[in-house]
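Printed here is target22.cif (mmCIF, C-alpha atoms):
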data_final
#
loop_
_atom_site.label_atom_id
_atom_site.label_comp_id
_atom_site.auth_asym_id
_atom_site.auth_seq_id
_atom_site.Cartn_x
_atom_site.Cartn_y
_atom_site.Cartn_z
CA MET A 30 0.00 0.00 0.00
CA LYS A 31 2.78 2.41 0.86
CA PRO A 32 4.33 2.96 -2.59
CA LYS A 33 0.88 3.62 -4.02
CA HIS A 34 0.26 6.36 -1.47
CA GLN A 35 3.70 7.76 -2.20
CA ARG A 36 2.90 7.95 -5.90
CA LEU A 37 -0.47 9.54 -5.15
CA ALA A 38 1.16 12.19 -2.96
CA LEU A 39 3.81 12.80 -5.63
CA ALA A 40 1.22 13.17 -8.38
CA GLY A 41 -0.87 15.45 -6.16
CA ALA A 42 2.15 17.61 -5.34
CA ALA A 43 3.14 17.83 -9.02
CA VAL A 44 -0.35 18.91 -10.08
CA ALA A 45 -0.52 21.45 -7.23
CA ALA A 46 2.90 22.88 -8.13
CA LEU A 47 1.83 23.15 -11.76
CA GLY A 48 -1.36 24.92 -10.75
CA ILE A 49 0.45 27.39 -8.52
CA ALA A 50 3.03 28.12 -11.23
CA ALA A 51 0.28 28.80 -13.72
CA ALA A 52 -1.71 30.91 -11.26
CA LEU A 53 1.36 33.08 -10.72
CA ALA A 54 2.44 33.28 -14.36
CA LEU A 55 -0.86 33.88 -16.10
CA PRO A 56 -1.98 37.11 -14.39
CA ALA A 57 1.55 38.42 -14.96
CA LEU A 58 1.05 37.76 -18.66
CA GLN A 59 -2.06 39.94 -18.68
CA ASP A 60 -0.58 42.71 -20.80
CA GLN A 61 1.65 40.57 -22.99
CA ALA A 62 -1.09 38.10 -23.87
CA ALA A 63 -3.71 40.77 -24.64
CA TYR A 64 -4.68 40.55 -28.27
CA PHE A 65 -5.49 44.26 -28.46
CA TYR A 66 -5.52 47.53 -26.51
CA ALA A 67 -8.74 49.33 -25.65
CA PRO A 68 -8.95 53.12 -26.11
CA ALA A 69 -8.65 53.61 -22.32
CA ASP A 70 -5.38 51.59 -22.34
CA VAL A 71 -4.09 53.74 -25.18
CA VAL A 72 -4.90 56.98 -23.36
CA ALA A 73 -3.48 55.70 -20.06
CA LYS A 74 -0.26 54.39 -21.60
CA GLY A 75 0.28 57.19 -24.10
CA VAL A 76 1.11 55.28 -27.28
CA ALA A 77 3.64 57.16 -29.44
CA PRO A 78 2.61 58.11 -33.01
CA GLY A 79 3.95 55.62 -35.56
CA GLN A 80 4.14 52.74 -33.08
CA ALA A 81 2.36 49.65 -34.42
CA ILE A 82 -0.43 48.52 -32.08
CA ARG A 83 -3.70 46.65 -32.22
CA LEU A 84 -6.72 48.65 -31.16
CA GLY A 85 -10.05 47.11 -30.16
CA GLY A 86 -13.41 48.39 -28.98
CA LEU A 87 -16.92 49.23 -30.03
CA VAL A 88 -17.67 51.32 -33.11
CA GLU A 89 -19.34 54.36 -31.58
CA LYS A 90 -22.98 54.75 -32.66
CA GLY A 91 -23.48 57.64 -35.08
CA SER A 92 -19.76 58.13 -35.71
CA LEU A 93 -19.34 56.18 -38.95
CA THR A 94 -18.83 58.28 -42.08
CA ARG A 95 -17.63 57.33 -45.56
CA SER A 96 -15.34 59.35 -47.82
CA ALA A 97 -16.27 60.29 -51.39
CA ASP A 98 -14.05 57.46 -52.76
CA GLY A 99 -16.44 54.98 -51.11
CA LEU A 100 -13.59 52.93 -49.64
CA THR A 101 -12.28 55.06 -46.82
CA ILE A 102 -14.28 55.10 -43.62
CA HIS A 103 -13.93 57.17 -40.48
CA PHE A 104 -15.36 56.26 -37.12
CA ARG A 105 -14.64 56.45 -33.42
CA VAL A 106 -13.76 53.43 -31.32
CA THR A 107 -14.92 53.50 -27.74
CA ASP A 108 -14.69 51.33 -24.64
CA ARG A 109 -17.25 53.55 -22.87
CA LEU A 110 -14.41 55.25 -20.98
CA GLU A 111 -12.40 56.81 -23.79
CA SER A 112 -12.81 57.02 -27.54
CA VAL A 113 -10.37 57.55 -30.39
CA PRO A 114 -10.88 58.41 -34.09
CA VAL A 115 -9.99 55.75 -36.69
CA ASP A 116 -9.47 55.89 -40.48
CA TYR A 117 -9.52 52.78 -42.63
CA THR A 118 -9.34 52.25 -46.38
CA GLY A 119 -10.49 48.90 -47.72
CA ILE A 120 -13.25 46.34 -47.61
CA VAL A 121 -14.76 45.82 -44.18
CA PRO A 122 -16.06 42.45 -42.85
CA ASP A 123 -19.82 41.86 -43.11
CA LEU A 124 -20.30 42.16 -39.38
CA PHE A 125 -18.60 45.53 -39.14
CA ARG A 126 -21.23 48.06 -38.09
CA GLU A 127 -21.97 50.75 -35.52
CA GLY A 128 -22.44 49.49 -31.99
CA GLN A 129 -20.47 46.29 -32.69
CA GLY A 130 -16.95 45.34 -31.68
CA MET A 131 -13.94 45.68 -33.97
CA ILE A 132 -10.20 45.11 -33.83
CA ALA A 133 -7.73 46.99 -36.05
CA ASP A 134 -3.97 46.82 -36.65
CA GLY A 135 -2.31 50.12 -37.36
CA ARG A 136 -0.64 53.20 -35.87
CA PHE A 137 -1.59 56.64 -34.62
CA ASP A 138 -0.62 59.61 -36.79
CA ALA A 139 0.64 62.90 -35.35
CA ASP A 140 -2.94 64.24 -34.94
CA GLY A 141 -3.98 61.27 -32.80
CA THR A 142 -6.05 59.56 -35.51
CA PHE A 143 -5.58 55.80 -35.69
CA LYS A 144 -4.67 54.76 -39.24
CA ALA A 145 -5.92 51.17 -39.45
CA GLU A 146 -4.17 48.79 -41.85
CA THR A 147 -6.33 45.74 -41.22
CA LEU A 148 -9.80 45.64 -39.75
CA LEU A 149 -11.57 42.70 -38.09
CA ALA A 150 -15.13 42.56 -36.76
CA LYS A 151 -15.58 41.15 -33.26
CA HIS A 152 -18.66 39.14 -32.49
CA ASP A 153 -20.27 39.16 -29.06
CA GLU A 154 -21.72 36.19 -27.20
CA LYS A 155 -25.36 36.94 -28.10
CA TYR A 156 -27.10 34.71 -30.61
CA MET A 157 -30.69 35.41 -31.60
CA PRO A 158 -33.05 35.31 -34.58
CA PRO A 159 -33.56 38.60 -36.51
CA GLU A 160 -37.17 38.95 -35.32
CA VAL A 161 -36.07 38.72 -31.70
CA ALA A 162 -33.35 41.31 -32.27
CA LYS A 163 -35.93 43.63 -33.80
CA ALA A 164 -38.31 43.10 -30.88
CA VAL A 165 -35.52 43.82 -28.41
CA GLU A 166 -34.63 47.01 -30.27
CA LYS A 167 -38.27 48.10 -30.29
CA ALA A 168 -38.66 47.42 -26.58
CA GLU A 169 -35.48 49.36 -25.81
CA ALA A 170 -36.66 52.31 -27.91
CA ALA A 171 -40.04 52.23 -26.17
CA ALA A 172 -38.38 52.13 -22.77
CA LYS A 173 -36.30 55.17 -23.72
CA ALA A 174 -39.29 57.11 -25.06
CA ARG A 175 -41.34 56.47 -21.92
CA PRO A 176 -40.93 59.30 -19.40
CA GLU A 177 -39.25 58.06 -16.27
CA LYS A 178 -41.72 57.35 -13.50
CA PRO A 179 -40.89 58.88 -10.18
CA THR A 180 -40.20 56.08 -7.74
CA PRO A 181 -42.32 56.29 -4.62
CA MET B 30 -9.40 -1.28 -7.11
CA HIS B 31 -7.77 -3.87 -9.33
CA ARG B 32 -10.91 -5.93 -9.69
CA PHE B 33 -12.19 -3.26 -12.12
CA ALA B 34 -9.05 -3.80 -14.16
CA ASN B 35 -10.34 -7.17 -15.19
CA PRO B 36 -10.67 -6.87 -19.00
CA ALA B 37 -13.30 -9.63 -19.10
CA ARG B 38 -15.50 -7.68 -16.73
CA PHE B 39 -14.92 -4.50 -18.76
CA LEU B 40 -15.71 -6.23 -22.07
CA LYS B 41 -18.95 -7.60 -20.67
CA ILE B 42 -20.18 -4.07 -19.89
CA ALA B 43 -18.53 -2.36 -22.88
CA ARG B 44 -20.11 -4.50 -25.59
CA PRO B 45 -23.74 -3.42 -25.08
CA LEU B 46 -22.65 0.11 -24.10
CA THR B 47 -20.85 0.56 -27.44
CA VAL B 48 -23.97 -0.31 -29.42
CA ALA B 49 -26.24 1.87 -27.30
CA ALA B 50 -23.91 4.89 -27.48
CA LEU B 51 -23.40 4.45 -31.21
CA VAL B 52 -27.10 4.20 -32.11
CA LEU B 53 -28.24 6.95 -29.76
CA GLY B 54 -25.26 9.14 -30.71
CA PHE B 55 -25.95 8.84 -34.43
CA ALA B 56 -29.63 9.57 -33.92
CA LEU B 57 -29.15 12.63 -31.69
CA THR B 58 -26.31 14.04 -33.83
CA ALA B 59 -28.44 13.65 -36.96
CA VAL B 60 -31.46 15.30 -35.29
CA GLY B 61 -29.37 18.09 -33.74
CA LEU B 62 -27.51 18.98 -36.94
CA TRP B 63 -30.61 18.70 -39.15
CA TRP B 64 -32.52 20.87 -36.67
CA GLY B 65 -29.70 23.40 -36.50
CA VAL B 66 -28.94 23.55 -40.21
CA PHE B 67 -32.47 23.48 -41.67
CA HIS B 68 -34.86 24.60 -38.95
CA ALA B 69 -33.15 26.90 -36.46
CA PRO B 70 -33.43 30.61 -37.30
CA PRO B 71 -30.50 32.56 -38.78
CA ASP B 72 -28.69 34.96 -36.45
CA TYR B 73 -29.55 38.68 -36.53
CA LEU B 74 -25.92 39.60 -37.25
CA GLN B 75 -24.15 36.52 -38.58
CA GLY B 76 -26.99 35.35 -40.81
CA GLU B 77 -26.65 31.76 -41.99
CA SER B 78 -23.03 31.27 -40.92
CA VAL B 79 -24.25 30.85 -37.32
CA ARG B 80 -25.13 27.25 -38.29
CA ILE B 81 -21.47 26.26 -38.05
CA MET B 82 -21.97 26.67 -34.28
CA TYR B 83 -23.94 23.39 -34.12
CA LEU B 84 -20.74 21.50 -34.93
CA HIS B 85 -18.11 23.91 -33.64
CA VAL B 86 -19.32 24.41 -30.07
CA PRO B 87 -20.04 20.72 -29.26
CA THR B 88 -16.64 19.62 -30.60
CA ALA B 89 -14.98 22.32 -28.48
CA TRP B 90 -16.78 21.20 -25.32
CA ILE B 91 -16.24 17.50 -25.95
CA SER B 92 -12.57 17.81 -26.88
CA MET B 93 -11.93 19.68 -23.62
CA GLY B 94 -13.96 17.12 -21.69
CA SER B 95 -12.08 14.26 -23.29
CA TYR B 96 -8.77 15.90 -22.43
CA LEU B 97 -9.90 15.99 -18.81
CA GLY B 98 -10.57 12.25 -19.19
CA LEU B 99 -7.07 11.82 -20.60
CA GLY B 100 -5.59 13.58 -17.56
CA ILE B 101 -7.58 11.41 -15.16
CA ALA B 102 -6.44 8.29 -17.06
CA GLY B 103 -2.88 9.62 -16.77
CA ILE B 104 -3.11 10.01 -12.99
CA THR B 105 -4.68 6.55 -12.70
CA ILE B 106 -1.82 5.05 -14.74
CA LEU B 107 0.92 6.65 -12.64
CA VAL B 108 -0.67 6.22 -9.20
CA TRP B 109 -2.64 2.96 -9.39
CA LYS B 110 -0.84 1.38 -12.40
CA HIS B 111 -4.24 0.44 -13.70
CA PRO B 112 -3.94 -1.53 -16.98
CA LEU B 113 -7.38 -0.47 -18.18
CA ALA B 114 -6.37 3.19 -17.75
CA GLU B 115 -3.50 2.59 -20.19
CA VAL B 116 -5.98 1.19 -22.67
CA ALA B 117 -8.31 4.17 -22.09
CA LEU B 118 -5.50 6.71 -22.60
CA GLU B 119 -4.41 5.07 -25.83
CA ALA B 120 -8.00 4.82 -27.06
CA LEU B 121 -9.05 8.35 -26.12
CA ALA B 122 -6.18 10.46 -27.46
CA PRO B 123 -6.68 10.13 -31.26
CA VAL B 124 -10.45 10.58 -30.99
CA GLY B 125 -9.93 13.71 -28.89
CA ALA B 126 -7.47 15.00 -31.50
CA VAL B 127 -10.12 14.55 -34.21
CA TYR B 128 -12.69 16.52 -32.19
CA ALA B 129 -10.20 19.31 -31.43
CA GLY B 130 -9.24 19.38 -35.11
CA VAL B 131 -12.89 19.66 -36.21
CA CYS B 132 -13.37 22.46 -33.68
CA LEU B 133 -10.38 24.39 -35.07
CA LEU B 134 -11.40 23.86 -38.71
CA THR B 135 -15.05 24.84 -38.24
CA GLY B 136 -13.97 27.84 -36.16
CA SER B 137 -11.69 28.97 -38.95
CA ILE B 138 -14.45 28.60 -41.53
CA TRP B 139 -16.78 30.61 -39.28
CA GLY B 140 -14.15 33.26 -38.57
CA ARG B 141 -13.59 34.15 -42.21
CA PRO B 142 -17.11 35.56 -42.89
CA THR B 143 -17.71 36.75 -39.32
CA TRP B 144 -14.44 38.33 -38.24
CA GLY B 145 -12.86 38.77 -41.66
CA THR B 146 -9.96 36.40 -40.97
CA TRP B 147 -9.28 32.64 -40.94
CA TRP B 148 -6.97 32.78 -37.96
CA VAL B 149 -5.52 35.14 -35.35
CA TRP B 150 -3.13 34.37 -32.51
CA ASP B 151 -5.38 35.44 -29.68
CA GLY B 152 -5.60 33.66 -26.32
CA ARG B 153 -8.54 31.39 -27.11
CA LEU B 154 -7.47 30.25 -30.58
CA THR B 155 -3.87 29.70 -29.54
CA SER B 156 -4.71 27.70 -26.41
CA MET B 157 -7.15 25.57 -28.42
CA LEU B 158 -4.41 24.84 -30.96
CA VAL B 159 -2.16 23.83 -28.05
CA LEU B 160 -4.88 21.38 -26.92
CA PHE B 161 -4.87 19.83 -30.40
CA PHE B 162 -1.07 19.44 -30.25
CA LEU B 163 -1.28 17.96 -26.74
CA PHE B 164 -3.62 15.25 -28.05
CA LEU B 165 -1.19 14.54 -30.90
CA GLY B 166 1.71 14.52 -28.44
CA VAL B 167 -0.02 11.92 -26.26
CA VAL B 168 -0.73 9.79 -29.35
CA ALA B 169 2.90 10.03 -30.47
CA LEU B 170 4.41 9.40 -27.05
CA ALA B 171 2.13 6.43 -26.29
CA GLY B 172 3.26 4.80 -29.52
CA ALA B 173 6.96 5.65 -29.24
CA PHE B 174 7.98 2.66 -27.10
CA ASP B 175 8.20 -1.02 -27.99
CA GLU B 176 6.70 -1.86 -24.65
CA ARG B 177 3.12 -0.65 -24.52
CA SER B 178 2.91 0.24 -20.84
CA ARG B 179 6.16 2.28 -20.94
CA GLY B 180 4.65 4.39 -23.70
CA ALA B 181 1.46 4.78 -21.70
CA ARG B 182 3.43 5.95 -18.64
CA ALA B 183 5.35 8.55 -20.67
CA ALA B 184 2.15 9.75 -22.31
CA ALA B 185 0.46 9.89 -18.89
CA VAL B 186 3.00 12.48 -17.70
CA LEU B 187 2.34 14.65 -20.74
CA ALA B 188 -1.42 14.25 -20.34
CA ILE B 189 -1.24 15.39 -16.69
CA VAL B 190 1.02 18.37 -17.41
CA GLY B 191 -1.29 19.39 -20.25
CA LEU B 192 -4.27 19.58 -17.86
CA ILE B 193 -3.16 23.10 -17.03
CA ASN B 194 -4.24 24.13 -20.53
CA LEU B 195 -7.92 23.46 -19.79
CA PRO B 196 -8.52 26.42 -17.44
CA ILE B 197 -6.40 28.53 -19.80
CA ILE B 198 -8.74 27.72 -22.69
CA LYS B 199 -11.82 28.29 -20.56
CA PHE B 200 -10.77 31.60 -19.03
CA SER B 201 -8.65 32.96 -21.93
CA VAL B 202 -11.60 35.06 -23.06
CA GLU B 203 -11.97 36.57 -19.57
CA TRP B 204 -8.33 37.07 -18.59
CA TRP B 205 -7.18 38.66 -21.83
CA ASN B 206 -8.60 40.76 -24.62
CA THR B 207 -9.34 38.27 -27.38
CA LEU B 208 -10.97 38.31 -30.78
CA HIS B 209 -13.01 35.29 -29.75
CA GLN B 210 -16.20 36.21 -27.91
CA SER B 211 -16.70 35.19 -24.28
CA ALA B 212 -18.85 32.28 -23.15
CA SER B 213 -22.54 32.39 -24.11
CA ILE B 214 -23.59 29.68 -21.69
CA THR B 215 -22.63 30.35 -18.08
CA LEU B 216 -23.96 29.48 -14.66
CA ARG B 217 -26.07 32.62 -14.84
CA GLY B 218 -27.84 31.41 -17.97
CA SER B 219 -27.47 31.52 -21.72
CA SER B 220 -27.32 34.41 -24.17
CA ILE B 221 -28.25 32.05 -27.00
CA HIS B 222 -31.90 32.17 -28.00
CA PRO B 223 -33.75 28.91 -27.06
CA ASP B 224 -34.55 28.24 -30.74
CA MET B 225 -30.78 27.90 -31.28
CA LEU B 226 -29.84 26.51 -27.86
CA TYR B 227 -31.93 23.32 -28.04
CA PRO B 228 -30.53 22.03 -31.35
CA LEU B 229 -27.05 22.94 -30.03
CA LEU B 230 -27.51 20.88 -26.86
CA THR B 231 -29.01 18.00 -28.87
CA SER B 232 -26.04 17.76 -31.22
CA ALA B 233 -23.68 18.16 -28.23
CA VAL B 234 -25.18 15.12 -26.49
CA GLY B 235 -25.17 13.20 -29.79
CA LEU B 236 -21.54 14.02 -30.60
CA GLY B 237 -20.57 13.17 -27.02
CA LEU B 238 -22.16 9.74 -27.31
CA LEU B 239 -20.45 9.21 -30.67
CA MET B 240 -17.12 9.95 -29.03
CA ALA B 241 -17.95 7.53 -26.20
CA SER B 242 -18.79 4.77 -28.68
CA ALA B 243 -15.61 5.39 -30.68
CA VAL B 244 -13.50 5.23 -27.50
CA LEU B 245 -15.22 2.02 -26.32
CA MET B 246 -14.66 0.44 -29.73
CA ARG B 247 -10.98 1.38 -29.67
CA MET B 248 -10.58 0.09 -26.10
CA ARG B 249 -12.08 -3.26 -27.08
CA ALA B 250 -9.83 -3.43 -30.14
CA ILE B 251 -6.73 -2.66 -28.06
CA ILE B 252 -7.63 -5.33 -25.50
CA ALA B 253 -8.13 -7.82 -28.34
CA GLU B 254 -4.72 -6.86 -29.80
CA GLN B 255 -3.10 -7.34 -26.39
CA ARG B 256 -4.68 -10.81 -26.08
CA ILE B 257 -3.45 -11.79 -29.54
CA ALA B 258 0.05 -10.58 -28.70
CA ALA B 259 -0.02 -12.53 -25.41
CA ARG B 260 -1.19 -15.71 -27.13
CA ARG B 261 1.45 -15.36 -29.87
CA ALA B 262 4.14 -14.94 -27.24
CA ARG B 263 2.89 -18.05 -25.42
CA LEU B 264 2.81 -20.11 -28.63
CA ALA B 265 6.31 -18.95 -29.56
CA GLY B 266 7.43 -19.97 -26.08
CA ASP B 267 5.84 -23.43 -26.47
CA ALA B 268 7.49 -23.99 -29.85
CA ALA B 269 10.95 -23.12 -28.55
#
Step by step, read the file and then write its structure as structure tokens.
Amino acid sequence: MKPKHQRLALAGAAVAALGIAAALALPALQDQAAYFYAPADVVAKGVAPGQAIRLGGLVEKGSLTRSADGLTIHFRVTDRLESVPVDYTGIVPDLFREGQGMIADGRFDADGTFKAETLLAKHDEKYMPPEVAKAVEKAEAAAKARPEKPTP
Amino acid sequence: MHRFANPARFLKIARPLTVAALVLGFALTAVGLWWGVFHAPPDYLQGESVRIMYLHVPTAWISMGSYLGLGIAGITILVWKHPLAEVALEALAPVGAVYAGVCLLTGSIWGRPTWGTWWVWDGRLTSMLVLFFLFLGVVALAGAFDERSRGARAAAVLAIVGLINLPIIKFSVEWWNTLHQSASITLRGSSIHPDMLYPLLTSAVGLGLLMASAVLMRMRAIIAEQRIAARRARLAGDAA
């Protein structure tokens, strides 16, 4: 019986050591393993113009405009704390639209506008049929239009 | 403990279980995929490409679950030296690799129209690729020795070390900014509409049963091979 218990203790200790090592290493990776920076990170860190970074966030509602050439778009990316202006020339993914997430590779120019070289659309974890999405939108609009009731 | 290691006892239970898992697995997978592909509604943003989910999400879940099984088999091999655990490890690894591979492929096909790219090196995609390689590593290591149980012991160590990847996959989308979205189904509920959730769960149960039947079949085949090898060795010994 004894060697078996020894092996069990050894295996348990190995797994525990592995877990502790990972628990220490992974939070430390936080910044290095991030796939993109949010606008608030950019503002807090002060990214230099010309430095290649990946920027991610939501396309601010009402900020999307298109240039006369039909290919260049301008919009603001927000994380609800900060927002930065972005320019991109090229074909955008189908899911790219206002209010949705996006991730772009590129660099800031001297004026603080992010010149995106590639643009990806980010999908969120919500899945629903179009009719349901419409109903949700309607309900939200109705809730907004309704004057706020004073709470007793 | 060792009385469960009796292959005869295992075979007695495994034979009917294989058939039941295979038939039920095929039926539920067929219903779930047919339901998801032809009857579930399209998504309000993704449109029709959401249907890849009915294969992608179950294979992701099941490949992670089967890796957990591989780790448990690994611990059982090293601590209790259980012969049936060696058989289970050898049987499970290639099937798990197939599921992880299907998950990666379908994810890539979904990513192209949805995100605009086949692949990025974000936390979720990278850790899932590592899981696929871990499965392949266990397959390779288990087969790298002339003596079967030595290979199983070496592979068991890799399987146990690789367990650390499971929480990394699971929480990658929470710890780090990733392109991959975070979990839709959590303890607090699901952000997938029921019309899409039910076919998803059906195909998940079906694909899980199919994996179980494939693993049982492989375990029975490996035990049969071991018996043949033992008999050959005995006959060779008699002749000498």
Residues of chain A no more than 7 Å from chain B, counting all atoms listed in the file: send them over as a PDB file with C-alpha atoms, in the coordinates of the input.
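So result06.pdb came out as:
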ATOM      1  CA  LYS A  33       0.880   3.620  -4.020  1.00  0.00           C
ATOM      2  CA  ARG A  36       2.900   7.950  -5.900  1.00  0.00           C
ATOM      3  CA  LEU A  37      -0.470   9.540  -5.150  1.00  0.00           C
ATOM      4  CA  GLY A  48      -1.360  24.920 -10.750  1.00  0.00           C
ATOM      5  CA  GLN A  59      -2.060  39.940 -18.680  1.00  0.00           C
ATOM      6  CA  ALA A  62      -1.090  38.100 -23.870  1.00  0.00           C
ATOM      7  CA  ALA A  63      -3.710  40.770 -24.640  1.00  0.00           C
ATOM      8  CA  TYR A  64      -4.680  40.550 -28.270  1.00  0.00           C
ATOM      9  CA  PHE A  65      -5.490  44.260 -28.460  1.00  0.00           C
ATOM     10  CA  PRO A 122     -16.060  42.450 -42.850  1.00  0.00           C
ATOM     11  CA  ASP A 123     -19.820  41.860 -43.110  1.00  0.00           C
ATOM     12  CA  LEU A 124     -20.300  42.160 -39.380  1.00  0.00           C
ATOM     13  CA  LEU A 149     -11.570  42.700 -38.090  1.00  0.00           C
ATOM     14  CA  ALA A 150     -15.130  42.560 -36.760  1.00  0.00           C
ATOM     15  CA  LYS A 151     -15.580  41.150 -33.260  1.00  0.00           C
ATOM     16  CA  HIS A 152     -18.660  39.140 -32.490  1.00  0.00           C
ATOM     17  CA  ASP A 153     -20.270  39.160 -29.060  1.00  0.00           C
ATOM     18  CA  GLU A 154     -21.720  36.190 -27.200  1.00  0.00           C
ATOM     19  CA  LYS A 155     -25.360  36.940 -28.100  1.00  0.00           C
ATOM     20  CA  TYR A 156     -27.100  34.710 -30.610  1.00  0.00           C
ATOM     21  CA  MET A 157     -30.690  35.410 -31.600  1.00  0.00           C
ATOM     22  CA  PRO A 158     -33.050  35.310 -34.580  1.00  0.00           C
ATOM     23  CA  PRO A 159     -33.560  38.600 -36.510  1.00  0.00           C
ATOM     24  CA  ALA A 162     -33.350  41.310 -32.270  1.00  0.00           C
TER      25      ALA A 162
END
Can you spell out as a list in words the set of residues that the PyMOL selection byres ((chain B and resi 248) around 8) selects in the structure I just provided? Val116, Ala117, Glu119, Ala120, Val244, Leu245, Met246, Arg247, Arg249, Ala250, Ile251 and Ile252 of chain B
Just-selected residues, C-alpha atoms written as a PDB file, in the coordinates of the input:
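Saved result, result21.pdb, follows:
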ATOM      1  CA  VAL B 116      -5.980   1.190 -22.670  1.00  0.00           C
ATOM      2  CA  ALA B 117      -8.310   4.170 -22.090  1.00  0.00           C
ATOM      3  CA  GLU B 119      -4.410   5.070 -25.830  1.00  0.00           C
ATOM      4  CA  ALA B 120      -8.000   4.820 -27.060  1.00  0.00           C
ATOM      5  CA  VAL B 244     -13.500   5.230 -27.500  1.00  0.00           C
ATOM      6  CA  LEU B 245     -15.220   2.020 -26.320  1.00  0.00           C
ATOM      7  CA  MET B 246     -14.660   0.440 -29.730  1.00  0.00           C
ATOM      8  CA  ARG B 247     -10.980   1.380 -29.670  1.00  0.00           C
ATOM      9  CA  ARG B 249     -12.080  -3.260 -27.080  1.00  0.00           C
ATOM     10  CA  ALA B 250      -9.830  -3.430 -30.140  1.00  0.00           C
ATOM     11  CA  ILE B 251      -6.730  -2.660 -28.060  1.00  0.00           C
ATOM     12  CA  ILE B 252      -7.630  -5.330 -25.500  1.00  0.00           C
TER      13      ILE B 252
END
Written as JSON, numbers by chain, what is the full residue list that the PyMOL selection byres ((chain A and resi 107-114) around 8) yields on the file shown? {"A": [67, 68, 69, 72, 86, 87, 88, 89, 103, 104, 105, 106, 115, 116, 141, 142, 143]}
Can you pull out every residue within 8 Å of Leu238 in chain B, counting only C-alpha atoms, but drop anything in the same chain fewer than 6 positions away, and send it as an NGL selection string? :B and (50-51 or 53-54)
Could you tell me how far CA of Ala37 in chain B lies from CA of Ala253 in chain B, in Å and to one decimal?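 A separation of 10.7 Å between them.
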Give me the result of the PyMOL selection byres ((chain B and resi 157) around 10) on this file, residue by residue, as a list in words. Ala89, Ser92, Met93, Ala129, Gly130, Cys132, Leu133, Gly152, Arg153, Leu154, Thr155, Ser156, Leu158, Val159, Leu160, Phe161, Phe162, Leu163, Asn194, Leu195, Ile197, Ile198, Lys199 and Ser201 of chain B
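A straight line drawn from CA of Gly119 in chain A to CA of Lys74 in chain A is 28.6 Å long.
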Residues within 12 Å of range 172-176 of chain B, please, as a list in words. Count only C-alpha atoms; anything in the same chain fewer than 4 positions from it doesn't count. Glu115, Leu118, Glu119, Ala120, Ala122, Pro123, Leu165, Gly166, Val167, Val168, Gly180, Ala181, Arg182, Ala183, Ala184, Gln255 and Ala258 of chain B
Need a file for range 91-129 of chain A from that block: C-alpha atoms, written as a CSV table (one decimal), in the first residue's frame.
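Wrote out.csv, looks like this:
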chain,number,residue,atom,x,y,z
A,91,GLY,CA,-23.5,57.6,-35.1
A,92,SER,CA,-19.8,58.1,-35.7
A,93,LEU,CA,-19.3,56.2,-39.0
A,94,THR,CA,-18.8,58.3,-42.1
A,95,ARG,CA,-17.6,57.3,-45.6
A,96,SER,CA,-15.3,59.3,-47.8
A,97,ALA,CA,-16.3,60.3,-51.4
A,98,ASP,CA,-14.1,57.5,-52.8
A,99,GLY,CA,-16.4,55.0,-51.1
A,100,LEU,CA,-13.6,52.9,-49.6
A,101,THR,CA,-12.3,55.1,-46.8
A,102,ILE,CA,-14.3,55.1,-43.6
A,103,HIS,CA,-13.9,57.2,-40.5
A,104,PHE,CA,-15.4,56.3,-37.1
A,105,ARG,CA,-14.6,56.4,-33.4
A,106,VAL,CA,-13.8,53.4,-31.3
A,107,THR,CA,-14.9,53.5,-27.7
A,108,ASP,CA,-14.7,51.3,-24.6
A,109,ARG,CA,-17.3,53.6,-22.9
A,110,LEU,CA,-14.4,55.2,-21.0
A,111,GLU,CA,-12.4,56.8,-23.8
A,112,SER,CA,-12.8,57.0,-27.5
A,113,VAL,CA,-10.4,57.6,-30.4
A,114,PRO,CA,-10.9,58.4,-34.1
A,115,VAL,CA,-10.0,55.7,-36.7
A,116,ASP,CA,-9.5,55.9,-40.5
A,117,TYR,CA,-9.5,52.8,-42.6
A,118,THR,CA,-9.3,52.2,-46.4
A,119,GLY,CA,-10.5,48.9,-47.7
A,120,ILE,CA,-13.2,46.3,-47.6
A,121,VAL,CA,-14.8,45.8,-44.2
A,122,PRO,CA,-16.1,42.5,-42.9
A,123,ASP,CA,-19.8,41.9,-43.1
A,124,LEU,CA,-20.3,42.2,-39.4
A,125,PHE,CA,-18.6,45.5,-39.1
A,126,ARG,CA,-21.2,48.1,-38.1
A,127,GLU,CA,-22.0,50.7,-35.5
A,128,GLY,CA,-22.4,49.5,-32.0
A,129,GLN,CA,-20.5,46.3,-32.7
